[in-house]
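Novice: One structure is given below, represented as structure tokens, and several questions about it will come after.
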Amino acid sequence: MPITIAHLKDQLAAYLVRWPEDFEVVAPLLALTGPDAFDRSTMTGHVTASAVLVNPKGEVLLIHHKSLDRWLQPGGHVEPTDDSLPSAALREAVEETGIDPAALTLADPVPVHVDIHPIPANPRKDEGAHRHFDVRYRFDCDDPELAPQLEEVHAAEWRPATDLDSEDLAARLQG
């Protein structure tokens, strides 16, 4: 069963209980109303899911994304077969890094971070500029053997949490 708006709103409600100071960031996601919120062709913006993978040393796994030419945590678009945002984040992490899913444990069912960021137009994929409403989950990783998906990523590296694109997210991983 595909992810629903009700599931998204439940996740965001739990998130706001923990981090009420993020209400303004989350407000555009709370305004979403239909299944097009998860459709990558919705150019006003759509929900994505990311996995913040943390190894026993406290390092995070970052991938170098080919299209965006940036180091990011694994993540991406929600698929119709995903039944929850954490499962979408897990699927993306496994696809992009090659890590065995058995080595990944969802650390908390509540998102660790929500971020809205612009995505530039990609003529190769016939996509205009749009926004990603990224819901991020922490996964602990026991066996960090990597086999990156080279179609989408140049490389994958374990890095300090301070290399993440958000100081708030890095601080939440330390706490």
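Lettering and numbering for the structure tokens are positional, with chains as A, B, ... in the shown order, residues counted from 1 in each chain, and ligands counted from 1 in the shown order.
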At a cut-off of 8 Å, using only C-alpha atoms, what residues contact stretch 72-87 of chain A? Leave out same-chain residues fewer than 3 positions from it and give the result as JSON, numbers by chain.
Specialist: {"A": [1, 2, 3, 7, 8, 38, 39, 40, 47, 48, 49, 50, 51, 52, 53, 60, 61, 62, 63, 64, 65, 90, 91, 92, 93, 96, 97, 106, 109, 135, 137, 164, 165]}
Novice: May I have the residues within 10 Å of A:Val25 as a PyMOL selection string, using only C-alpha atoms and disregarding those fewer than 4 positions away in the same chain?
Specialist: chain A and resi 21+29-30+114-116+133
Novice: Write the residues of the selection above to a file with N, CA, C and O atoms, as an mmCIF file, in the first residue's frame.
Specialist:
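Result written to out-v3.cif:
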```cif
data_model
loop_
_atom_site.group_PDB
_atom_site.id
_atom_site.type_symbol
_atom_site.label_atom_id
_atom_site.label_comp_id
_atom_site.auth_asym_id
_atom_site.auth_seq_id
_atom_site.Cartn_x
_atom_site.Cartn_y
_atom_site.Cartn_z
ATOM 1 N N GLU A 21 10.458 23.691 17.523
ATOM 2 C CA GLU A 21 11.076 24.869 16.918
ATOM 3 C C GLU A 21 11.157 24.764 15.393
ATOM 4 O O GLU A 21 11.425 25.749 14.706
ATOM 5 N N LEU A 29 4.916 21.076 4.411
ATOM 6 C CA LEU A 29 4.585 19.654 4.308
ATOM 7 C C LEU A 29 3.213 19.383 4.921
ATOM 8 O O LEU A 29 2.461 18.547 4.424
ATOM 9 N N LEU A 30 2.894 20.097 5.989
ATOM 10 C CA LEU A 30 1.583 19.926 6.621
ATOM 11 C C LEU A 30 0.462 20.406 5.706
ATOM 12 O O LEU A 30 -0.677 19.963 5.829
ATOM 13 N N VAL A 114 13.927 17.317 9.102
ATOM 14 C CA VAL A 114 13.133 17.611 7.902
ATOM 15 C C VAL A 114 13.786 18.811 7.240
ATOM 16 O O VAL A 114 14.160 19.779 7.914
ATOM 17 N N ASP A 115 13.940 18.737 5.929
ATOM 18 C CA ASP A 115 14.605 19.806 5.197
ATOM 19 C C ASP A 115 13.881 20.034 3.876
ATOM 20 O O ASP A 115 13.469 19.078 3.205
ATOM 21 N N ILE A 116 13.727 21.289 3.514
ATOM 22 C CA ILE A 116 13.191 21.644 2.197
ATOM 23 C C ILE A 116 14.326 22.309 1.434
ATOM 24 O O ILE A 116 14.934 23.263 1.924
ATOM 25 N N PHE A 133 10.929 17.961 -0.332
ATOM 26 C CA PHE A 133 10.516 18.019 1.067
ATOM 27 C C PHE A 133 11.072 16.748 1.702
ATOM 28 O O PHE A 133 10.430 15.700 1.689
#
```
Novice: Considering only C-alpha atoms, return as a list in words whatever protein or nucleic-acid residues lie within 7 Å of A:Val110, sequence-local ones (same chain, fewer than 3 positions apart) excluded.
Specialist: Gln11, Ala14 and Tyr15 of chain A
Novice: Work out how far atom CA of A:His113 is from atom CA of A:Asp168, in Å to one decimal.
Specialist: 8.0 Å
Novice: Write out as an mmCIF file with C-alpha atoms, in the first residue's frame each polymer residue whose atoms come within 12 Å of A:Asp126, counting only C-alpha atoms; drop sequence neighbours fewer than 3 positions from it.
Specialist:
```cif
data_model
loop_
_atom_site.group_PDB
_atom_site.id
_atom_site.type_symbol
_atom_site.label_atom_id
_atom_site.label_comp_id
_atom_site.auth_asym_id
_atom_site.auth_seq_id
_atom_site.Cartn_x
_atom_site.Cartn_y
_atom_site.Cartn_z
ATOM 1 C CA ARG A 40 8.252 13.103 -8.506
ATOM 2 C CA SER A 41 6.487 14.832 -11.412
ATOM 3 C CA MET A 43 7.181 20.320 -9.827
ATOM 4 C CA PRO A 120 17.862 22.416 -10.178
ATOM 5 C CA ALA A 121 16.296 21.570 -13.518
ATOM 6 C CA ASN A 122 17.608 18.373 -15.077
ATOM 7 C CA PRO A 123 17.004 18.376 -18.845
ATOM 8 C CA ALA A 129 13.490 22.971 -11.136
#
```
Novice: So, counting only C-alpha atoms, which residue among A:Glu59, A:Asp22, A:Asp134, A:Asp140 is closest to A:Trp158?
Specialist: A:Glu59
Novice: Separation of atom CA of A:Arg138 and atom CA of A:Ala107, in Å?
Specialist: 5.6 Å
Novice: Please indicate the distance in Å from atom CA of A:Gly58 to atom CA of A:Ala89, rounded to one decimal place.
Specialist: 19.3 Å
Novice: For each of A:Phe139, A:Pro101, A:Val54, A:Glu127, take the minimum atom-to-atom distance to A:Ala161, counting only C-alpha atoms, then give the residue where this is smallest.
Specialist: A:Val54
Novice: Please identify which residues in stretch 14-114 of chain A DSSP calls helix (DSSP H, G or I) from the backbone, and express them as a ChimeraX atom specification.
Specialist: /A:14-18,20-30,35-38,85-97,101-103
